[in-house]
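Visitor: I have a structure here, written as structure tokens, and I will follow up with some questions on it.
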Amino acid sequence: MATQITINQIADYDGQEVELRGWVYHRTGKGRLQFVQMRDGTGIVQCVAFKKEMTEDDFALVKSLTQESSVIITGSVRADERAPGIPGGYEVGIQNIELVQMAEEYPITPKEHGTEFLMDNRHLWVRSRRQWAILRIRATIISALRNWLDDNGYLLVDTPIITPAAGEETTTLFEIDYFGQPAFLAQTGQLYNEANIGSFGKVYCFGPTFRAEKSKTRRHLMEFWMLEPEMAFFSLEDLMDMEEQLISAVVARVLEKRKPELDILERDLSQLESITAPFYRITYDEAVERLQKLVAETDDPEQKELLNIEWGEDFGSPHETAIAAMFDKPVFVYHYPTAVKAFYMQPVDGRPEVCRSVDLLAPEGYGEITGGSERIYDKDLLEERVRTIGLPREAYAWYLDLRRFGSVPHAGFGIGIERTVAWICGLPHIRETIPYARMLNRMYP
Ligand code: 4AD
Ligand code: MG
């Protein structure tokens with residue numbers, strides 16, 4: 001009797017008869033010998049059909065298999081160093097084959113396709129080797145983030161997606177009709193996290209977040225996943241310490257668990273191996289000085305224009321890329337101008353024009369992957385910010401309440417999953433880091 005297994009278990013079944021269920025990735029061969037690369041979600045294995053070892057019908061079926069046909073194959077496993085596959089090193093001699101469905105002509109072939117075509121066929125493209133590798137690394141990044149937090153005293157507390165008020169900039173809200181009342185898709189879970197620390201001390205939320213940004217860059221999605229830790233009695237320095245511990249643990253976990261997938265992506269592993277705490281830390285002031293020096297020294301007029309910056313301006317992607325390129329590990333930039341950051345950020349003592357904020361810039365041009373800060377915990381100061389910014393006080397009454405009943409210094413940050421996946425996988429564009437990207441000109445499939 002054949003044992004039903006998955007391809008990732010194949011090494012444990014050398015010399016035995018197994019049953020595999022999956023899809024035809026590729027078929028080649030001629031005459032009496034056929035090779036079927038079969039995938040089942042866990043890996044790819046080469047299955048070999050010899051005319052003389054099978055019934056005539058089964059052999060004819062193998063020869064007629066189209067790409068992506070679904071099949072159940074039984075056969076014997078044998079070690080063979082040369083056998084391609086994931087993990088590779090084993091092949092299956094086909095004894096029987098059962099057809100589940102003969103696939104129609106498959107639109108995605110090994111030849112080159114344009115990105116728009118592939119995105120239109122995303123529901124099929126997810127089966128391709130590179131996409132398979134990326135989404136498996138994504139899953140590992142998410143579980144590594146969550147495991148580290150769970151193991152270090154953070155409690156997962158879910159926050160709502162339908163919200164009555166803005167959490168970040170009011171210009172990027174997706175408005176919905178909530179039984180006749182306006183409501184918004186969550187831009188962040190942070191404000192609720194700040195309530196939850198009053199009960200649990202250290203918390204995090206993880207979920208989809210929505211930004212109606214009319215932005216078409218390779219770093220922006222309308223719907224992205226964010227993980228947001230929030231901690232009571234935490235300073236900006238505590239926050240940076242914690243972030244670098246968390247992120248280096250995540251990278252180490254991906255290197256440990258997802259080596260074959262990183263190989264498929266041809267990722268330069270030495271870049272990831274160097275991601276160990278501590279990371280670099282510079283102030284916004286220093287970052288601006290470094291940029292201005294770069295602008296002064298470059299002969300390239302395009303770079304001069306792109307990187308030109310005055311103190312007080314927010315960084316764009318080119319600035320972030322240029323700053324990150326000055327370092328061989330991620331770099332924290334802290335104390336941004338208060339005017340370019342969110343209303344809830346704590347001003348720096350004695351210098352209110354800058355705030356206790358910190359962004360983490362990833363190396364290799366990936367830009368901001370986390371954003372966080374100390375939060376204003378003084379009731380009067382927060383009241384004043386809500387008033388001067390013109391936020392509707394009623395909608396924030398509960399948030400202001402938190403400053404009335406045992407308010408404490410606290411801090412937190414959000415890490416964007418897709419930007420982190422792009423960086424760790426070494427991908428030029430964010431669209432491949434999420435199963436079904438929502439972008440300015442795309443919500444299909
Ligand atoms: O810097 P952001 O806007 O911070 C917040 O939302 C805070 N409330 C988080 C907190 O302190 N709890 O977003 C955090 C991260 C960014 O660093 C980036 O990685 C990602 O979320 N992000 C996006 N990713 C993809 N597409 C977009 N449009 C994104 N906007 C932000
Ligand atoms: Mg930010």
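Going through the structure tokens in order, the chains are called A, B, and so on, while each chain numbers its residues from 1 and the ligands are numbered from 1 in the order shown.
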Can you tell me which residues come within 7 Å of ligand 2 when counting only C-alpha atoms and all ligand atoms, ideally as a list in words?

Guide: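 Listing the residues within 7 Å of ligand 2 gives Asp359, Glu368, Thr370 and Gly371 of chain A.
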
Visitor: Just write the chosen residues, N, CA, C and O atoms, as a CSV table (one decimal), in the first residue's frame.

Guide:
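Output below, filename part.csv:
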```csv
chain,number,residue,atom,x,y,z
A,359,ASP,N,11.6,56.5,12.6
A,359,ASP,CA,11.4,55.7,11.5
A,359,ASP,C,12.6,54.8,11.3
A,359,ASP,O,13.7,55.2,11.6
A,368,GLU,N,11.5,53.4,4.4
A,368,GLU,CA,10.9,53.2,5.7
A,368,GLU,C,10.1,51.9,5.9
A,368,GLU,O,9.2,51.7,5.1
A,370,THR,N,9.4,50.8,9.3
A,370,THR,CA,8.6,51.0,10.5
A,370,THR,C,8.5,52.5,10.8
A,370,THR,O,9.4,53.3,10.5
A,371,GLY,N,7.4,52.9,11.5
A,371,GLY,CA,7.2,54.2,12.0
A,371,GLY,C,6.6,54.2,13.4
A,371,GLY,O,5.7,53.4,13.6
```

Visitor: Grab me every residue within 6 Å of ligand 1, counting only C-alpha atoms and all ligand atoms, and send it over as a PDB file with N, CA, C and O atoms, in the first residue's frame.

Guide:
```
ATOM      1  N   THR A 188      -4.855  52.515  11.079  1.00  0.00           N
ATOM      2  CA  THR A 188      -3.947  52.056  12.129  1.00  0.00           C
ATOM      3  C   THR A 188      -4.790  51.523  13.280  1.00  0.00           C
ATOM      4  O   THR A 188      -5.936  51.933  13.442  1.00  0.00           O
ATOM      5  N   GLN A 190      -3.427  51.798  16.266  1.00  0.00           N
ATOM      6  CA  GLN A 190      -2.657  52.385  17.363  1.00  0.00           C
ATOM      7  C   GLN A 190      -3.479  53.011  18.476  1.00  0.00           C
ATOM      8  O   GLN A 190      -3.212  52.794  19.662  1.00  0.00           O
ATOM      9  N   ARG A 211      -5.217  52.885   3.288  1.00  0.00           N
ATOM     10  CA  ARG A 211      -4.801  54.276   3.047  1.00  0.00           C
ATOM     11  C   ARG A 211      -5.215  54.652   1.633  1.00  0.00           C
ATOM     12  O   ARG A 211      -4.718  54.072   0.663  1.00  0.00           O
ATOM     13  N   ARG A 219       6.274  51.468  -3.368  1.00  0.00           N
ATOM     14  CA  ARG A 219       6.222  51.171  -1.932  1.00  0.00           C
ATOM     15  C   ARG A 219       4.815  51.321  -1.351  1.00  0.00           C
ATOM     16  O   ARG A 219       4.613  51.155  -0.158  1.00  0.00           O
ATOM     17  N   HIS A 220       3.849  51.716  -2.194  1.00  0.00           N
ATOM     18  CA  HIS A 220       2.522  52.026  -1.654  1.00  0.00           C
ATOM     19  C   HIS A 220       1.436  51.057  -2.099  1.00  0.00           C
ATOM     20  O   HIS A 220       1.299  50.758  -3.275  1.00  0.00           O
ATOM     21  N   LEU A 221       0.634  50.633  -1.134  1.00  0.00           N
ATOM     22  CA  LEU A 221      -0.577  49.860  -1.400  1.00  0.00           C
ATOM     23  C   LEU A 221      -1.740  50.600  -0.753  1.00  0.00           C
ATOM     24  O   LEU A 221      -1.546  51.360   0.204  1.00  0.00           O
ATOM     25  N   MET A 222      -2.952  50.351  -1.238  1.00  0.00           N
ATOM     26  CA  MET A 222      -4.133  50.948  -0.620  1.00  0.00           C
ATOM     27  C   MET A 222      -4.538  50.119   0.605  1.00  0.00           C
ATOM     28  O   MET A 222      -5.103  50.626   1.562  1.00  0.00           O
ATOM     29  N   PHE A 224      -2.803  47.339   3.134  1.00  0.00           N
ATOM     30  CA  PHE A 224      -1.584  46.627   3.514  1.00  0.00           C
ATOM     31  C   PHE A 224      -1.747  46.101   4.931  1.00  0.00           C
ATOM     32  O   PHE A 224      -2.673  46.486   5.639  1.00  0.00           O
ATOM     33  N   MET A 226      -0.345  45.544   8.725  1.00  0.00           N
ATOM     34  CA  MET A 226       0.570  46.194   9.664  1.00  0.00           C
ATOM     35  C   MET A 226       0.495  45.500  11.010  1.00  0.00           C
ATOM     36  O   MET A 226      -0.576  45.124  11.471  1.00  0.00           O
ATOM     37  N   GLU A 228       1.448  46.227  14.922  1.00  0.00           N
ATOM     38  CA  GLU A 228       1.717  47.399  15.755  1.00  0.00           C
ATOM     39  C   GLU A 228       1.827  47.052  17.240  1.00  0.00           C
ATOM     40  O   GLU A 228       0.818  46.785  17.882  1.00  0.00           O
ATOM     41  N   GLU A 368      11.533  53.356   4.434  1.00  0.00           N
ATOM     42  CA  GLU A 368      10.892  53.223   5.750  1.00  0.00           C
ATOM     43  C   GLU A 368      10.132  51.904   5.866  1.00  0.00           C
ATOM     44  O   GLU A 368       9.213  51.653   5.100  1.00  0.00           O
ATOM     45  N   ILE A 369      10.506  51.091   6.829  1.00  0.00           N
ATOM     46  CA  ILE A 369       9.705  49.883   7.082  1.00  0.00           C
ATOM     47  C   ILE A 369       8.939  49.948   8.397  1.00  0.00           C
ATOM     48  O   ILE A 369       7.949  49.252   8.566  1.00  0.00           O
ATOM     49  N   THR A 370       9.406  50.807   9.330  1.00  0.00           N
ATOM     50  CA  THR A 370       8.612  51.005  10.538  1.00  0.00           C
ATOM     51  C   THR A 370       8.504  52.492  10.843  1.00  0.00           C
ATOM     52  O   THR A 370       9.386  53.276  10.488  1.00  0.00           O
ATOM     53  N   GLY A 371       7.407  52.857  11.497  1.00  0.00           N
ATOM     54  CA  GLY A 371       7.231  54.224  11.974  1.00  0.00           C
ATOM     55  C   GLY A 371       6.637  54.161  13.369  1.00  0.00           C
ATOM     56  O   GLY A 371       5.718  53.376  13.611  1.00  0.00           O
ATOM     57  N   GLY A 372       7.186  54.966  14.275  1.00  0.00           N
ATOM     58  CA  GLY A 372       6.673  54.927  15.646  1.00  0.00           C
ATOM     59  C   GLY A 372       7.045  56.174  16.413  1.00  0.00           C
ATOM     60  O   GLY A 372       7.673  57.089  15.867  1.00  0.00           O
ATOM     61  N   GLY A 412       5.125  53.224  20.847  1.00  0.00           N
ATOM     62  CA  GLY A 412       4.806  52.077  20.002  1.00  0.00           C
ATOM     63  C   GLY A 412       5.186  52.378  18.573  1.00  0.00           C
ATOM     64  O   GLY A 412       5.634  53.485  18.248  1.00  0.00           O
ATOM     65  N   PHE A 413       5.026  51.369  17.751  1.00  0.00           N
ATOM     66  CA  PHE A 413       5.361  51.568  16.332  1.00  0.00           C
ATOM     67  C   PHE A 413       4.549  50.604  15.483  1.00  0.00           C
ATOM     68  O   PHE A 413       3.890  49.699  15.999  1.00  0.00           O
ATOM     69  N   GLY A 414       4.609  50.834  14.176  1.00  0.00           N
ATOM     70  CA  GLY A 414       3.956  49.921  13.235  1.00  0.00           C
ATOM     71  C   GLY A 414       4.980  49.454  12.221  1.00  0.00           C
ATOM     72  O   GLY A 414       5.798  50.251  11.740  1.00  0.00           O
ATOM     73  N   ILE A 415       4.945  48.174  11.921  1.00  0.00           N
ATOM     74  CA  ILE A 415       5.817  47.648  10.863  1.00  0.00           C
ATOM     75  C   ILE A 415       4.941  47.193   9.699  1.00  0.00           C
ATOM     76  O   ILE A 415       3.976  46.444   9.894  1.00  0.00           O
ATOM     77  N   GLY A 416       5.243  47.696   8.519  1.00  0.00           N
ATOM     78  CA  GLY A 416       4.489  47.322   7.326  1.00  0.00           C
ATOM     79  C   GLY A 416       4.993  45.978   6.811  1.00  0.00           C
ATOM     80  O   GLY A 416       6.168  45.842   6.497  1.00  0.00           O
ATOM     81  N   ARG A 419       6.360  45.962   2.970  1.00  0.00           N
ATOM     82  CA  ARG A 419       7.680  46.577   2.746  1.00  0.00           C
ATOM     83  C   ARG A 419       8.774  45.706   3.347  1.00  0.00           C
ATOM     84  O   ARG A 419       9.881  45.639   2.816  1.00  0.00           O
TER      85      ARG A 419
END
```

Visitor: Compare A:Pro301, A:Arg290, A:Arg431, A:Asp285 by their minimum atom-to-atom distance to Glu313 in chain A, counting only C-alpha atoms, and give me the closest one.

Guide: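 Using only C-alpha atoms, the shortest distance to Glu313 in chain A belongs to A:Asp285.
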
Visitor: If we count only C-alpha atoms and set the cut-off at 10 Å, which residues sit around range 192-209 of chain A, ignoring sequence neighbours fewer than 3 positions away in its own chain? Please answer as a PyMOL selection string.

Guide: chain A and resi 142+146+149-150+152-161+167+185-189+221-234+375+398-399+401-403+405-408+410-417

Visitor: Check the smallest atom-to-atom distance from each of A:Thr170, A:Ala362, A:Leu265, A:Pro428 to Phe343 in chain A using only C-alpha atoms, then report the winner.

Guide: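 Looking only at the distances to Phe343 in chain A, the closest residue turns out to be A:Thr170.
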
Visitor: Which of these residues is nearest to Pro409 in chain A, using only C-alpha atoms: A:Lys304, A:Phe332, A:Ser235, A:Asn441?

Guide: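 Among the listed residues, A:Ser235 lies closest to Pro409 in chain A.
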
Visitor: Could you list, as a ChimeraX atom specification, every residue within 9 Å of Gly22 in chain A, counting only C-alpha atoms and ignoring same-chain residues fewer than 2 positions away?

Guide: /A:20,24,38-41,68-73

Visitor: Could you pull out all residues of range 242-331 of chain A with a DSSP call of strand (DSSP E) and give them as a count of residues only?

Guide: 5

Visitor: Output as a count of residues only all residues of range 228-364 of chain A that backbone DSSP marks as alpha helix (DSSP H).

Guide: 62

Visitor: From the set A:Gln4, A:Pro107, A:Arg442, A:Leu33, which residue has the shortest atom-to-atom contact distance to Arg21 in chain A, counting only C-alpha atoms?

Guide: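 Ranked by minimum distance to Arg21 in chain A, first place goes to A:Gln4.
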
Visitor: Using only C-alpha atoms, which of the listed residues (A:His26, A:Lys51, A:His335, A:His123) sits closest to Thr283 in chain A?

Guide: A:His335

Visitor: For each of A:Arg127, A:Glu56, A:Trp148, A:Phe315, take the minimum atom-to-atom distance to Arg253 in chain A, counting only C-alpha atoms, then give the residue where this is smallest.

Guide: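 That would be A:Trp148, the residue with the smallest distance to Arg253 in chain A.
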
Visitor: Contacts of Ser64 in chain A at 12 Å or less, counting only C-alpha atoms, minus same-chain residues fewer than 2 places along, as a PDB file with C-alpha atoms, in the first residue's frame?

Guide:
```
ATOM      1  CA  VAL A  24       1.781  19.168 -13.259  1.00  0.00           C
ATOM      2  CA  HIS A  26       6.134  20.907 -16.310  1.00  0.00           C
ATOM      3  CA  ARG A  27       6.345  17.823 -18.530  1.00  0.00           C
ATOM      4  CA  THR A  28       9.108  16.802 -20.922  1.00  0.00           C
ATOM      5  CA  GLY A  29      10.411  13.629 -22.479  1.00  0.00           C
ATOM      6  CA  LYS A  30      10.209  11.632 -25.573  1.00  0.00           C
ATOM      7  CA  GLN A  34       8.551  11.001 -19.644  1.00  0.00           C
ATOM      8  CA  PHE A  35       9.460  13.451 -16.875  1.00  0.00           C
ATOM      9  CA  VAL A  36       6.720  15.157 -14.916  1.00  0.00           C
ATOM     10  CA  ASP A  57      -3.404   3.702 -20.673  1.00  0.00           C
ATOM     11  CA  ASP A  58      -1.485   5.260 -17.807  1.00  0.00           C
ATOM     12  CA  PHE A  59       1.524   5.919 -19.985  1.00  0.00           C
ATOM     13  CA  ALA A  60      -0.657   7.492 -22.670  1.00  0.00           C
ATOM     14  CA  LEU A  61      -2.216   9.678 -19.989  1.00  0.00           C
ATOM     15  CA  VAL A  62       1.188  10.859 -18.742  1.00  0.00           C
ATOM     16  CA  THR A  66      -0.938  19.536 -19.903  1.00  0.00           C
ATOM     17  CA  GLN A  67       0.671  22.124 -17.655  1.00  0.00           C
ATOM     18  CA  SER A  69      -3.430  19.418 -14.824  1.00  0.00           C
ATOM     19  CA  LEU A  99      -6.255  12.260 -13.623  1.00  0.00           C
ATOM     20  CA  MET A 102      -6.981  17.918 -17.541  1.00  0.00           C
ATOM     21  CA  ALA A 103      -6.096  21.625 -17.537  1.00  0.00           C
ATOM     22  CA  GLU A 104      -7.001  23.844 -20.463  1.00  0.00           C
TER      23      GLU A 104
END
```

Visitor: Could you pull the residues within 7 Å of Cys355 in chain A, counting only C-alpha atoms, minus those fewer than 4 positions along the same chain, as a list of chain:residue names?

Guide: A:His335, A:Tyr336, A:Pro337, A:Thr338, A:Met345, A:Gln346, A:Pro347, A:Val348

Visitor: Using N, CA, C and O atoms, can you export the residues from the last selection as a short mmCIF file (atom, residue, chain, number, x, y, z; two decimals), in the first residue's frame?

Guide:
```cif
data_model
loop_
_atom_site.label_atom_id
_atom_site.label_comp_id
_atom_site.auth_asym_id
_atom_site.auth_seq_id
_atom_site.Cartn_x
_atom_site.Cartn_y
_atom_site.Cartn_z
N HIS A 335 13.52 61.93 16.01
CA HIS A 335 13.30 63.37 16.25
C HIS A 335 13.01 64.14 14.96
O HIS A 335 13.72 65.09 14.63
N TYR A 336 11.98 63.72 14.27
CA TYR A 336 11.53 64.43 13.06
C TYR A 336 10.83 65.73 13.45
O TYR A 336 10.34 65.86 14.59
N PRO A 337 10.69 66.65 12.50
CA PRO A 337 9.93 67.86 12.79
C PRO A 337 8.48 67.50 13.18
O PRO A 337 7.86 66.67 12.52
N THR A 338 8.00 68.14 14.20
CA THR A 338 6.64 67.89 14.70
C THR A 338 5.61 68.12 13.59
O THR A 338 4.63 67.39 13.48
N MET A 345 2.16 62.69 18.62
CA MET A 345 3.55 62.46 18.99
C MET A 345 4.07 63.44 20.04
O MET A 345 3.83 64.65 19.95
N GLN A 346 4.80 62.92 20.99
CA GLN A 346 5.33 63.70 22.12
C GLN A 346 6.41 64.66 21.63
O GLN A 346 7.36 64.23 20.97
N PRO A 347 6.28 65.96 21.95
CA PRO A 347 7.36 66.89 21.56
C PRO A 347 8.62 66.63 22.39
O PRO A 347 8.54 66.13 23.52
N VAL A 348 9.76 66.97 21.83
CA VAL A 348 11.02 66.84 22.56
C VAL A 348 11.08 67.96 23.61
O VAL A 348 10.75 69.11 23.32
#
```

Visitor: Between CA of Pro363 in chain A and CA of Met326 in chain A, what distance in Å does the model show, to one decimal?

Guide: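 Taking CA of Pro363 in chain A as the start and CA of Met326 in chain A as the end point, the length is 8.8 Å.
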
Visitor: Report the distance between CA of Val358 in chain A and CA of Val333 in chain A in Å, rounded to one decimal place.

Guide: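 Computing the Euclidean distance for CA of Val358 in chain A and CA of Val333 in chain A yields 5.6 Å.
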
Visitor: Show which residues sit within 12 Å of Arg218 in chain A, as an NGL selection string. Count only C-alpha atoms, and ignore same-chain residues fewer than 2 positions away.

Guide: :A and (215-216 or 220-222 or 317 or 365-367 or 418-419 or 422 or 427-433 or 437 or 439-440)
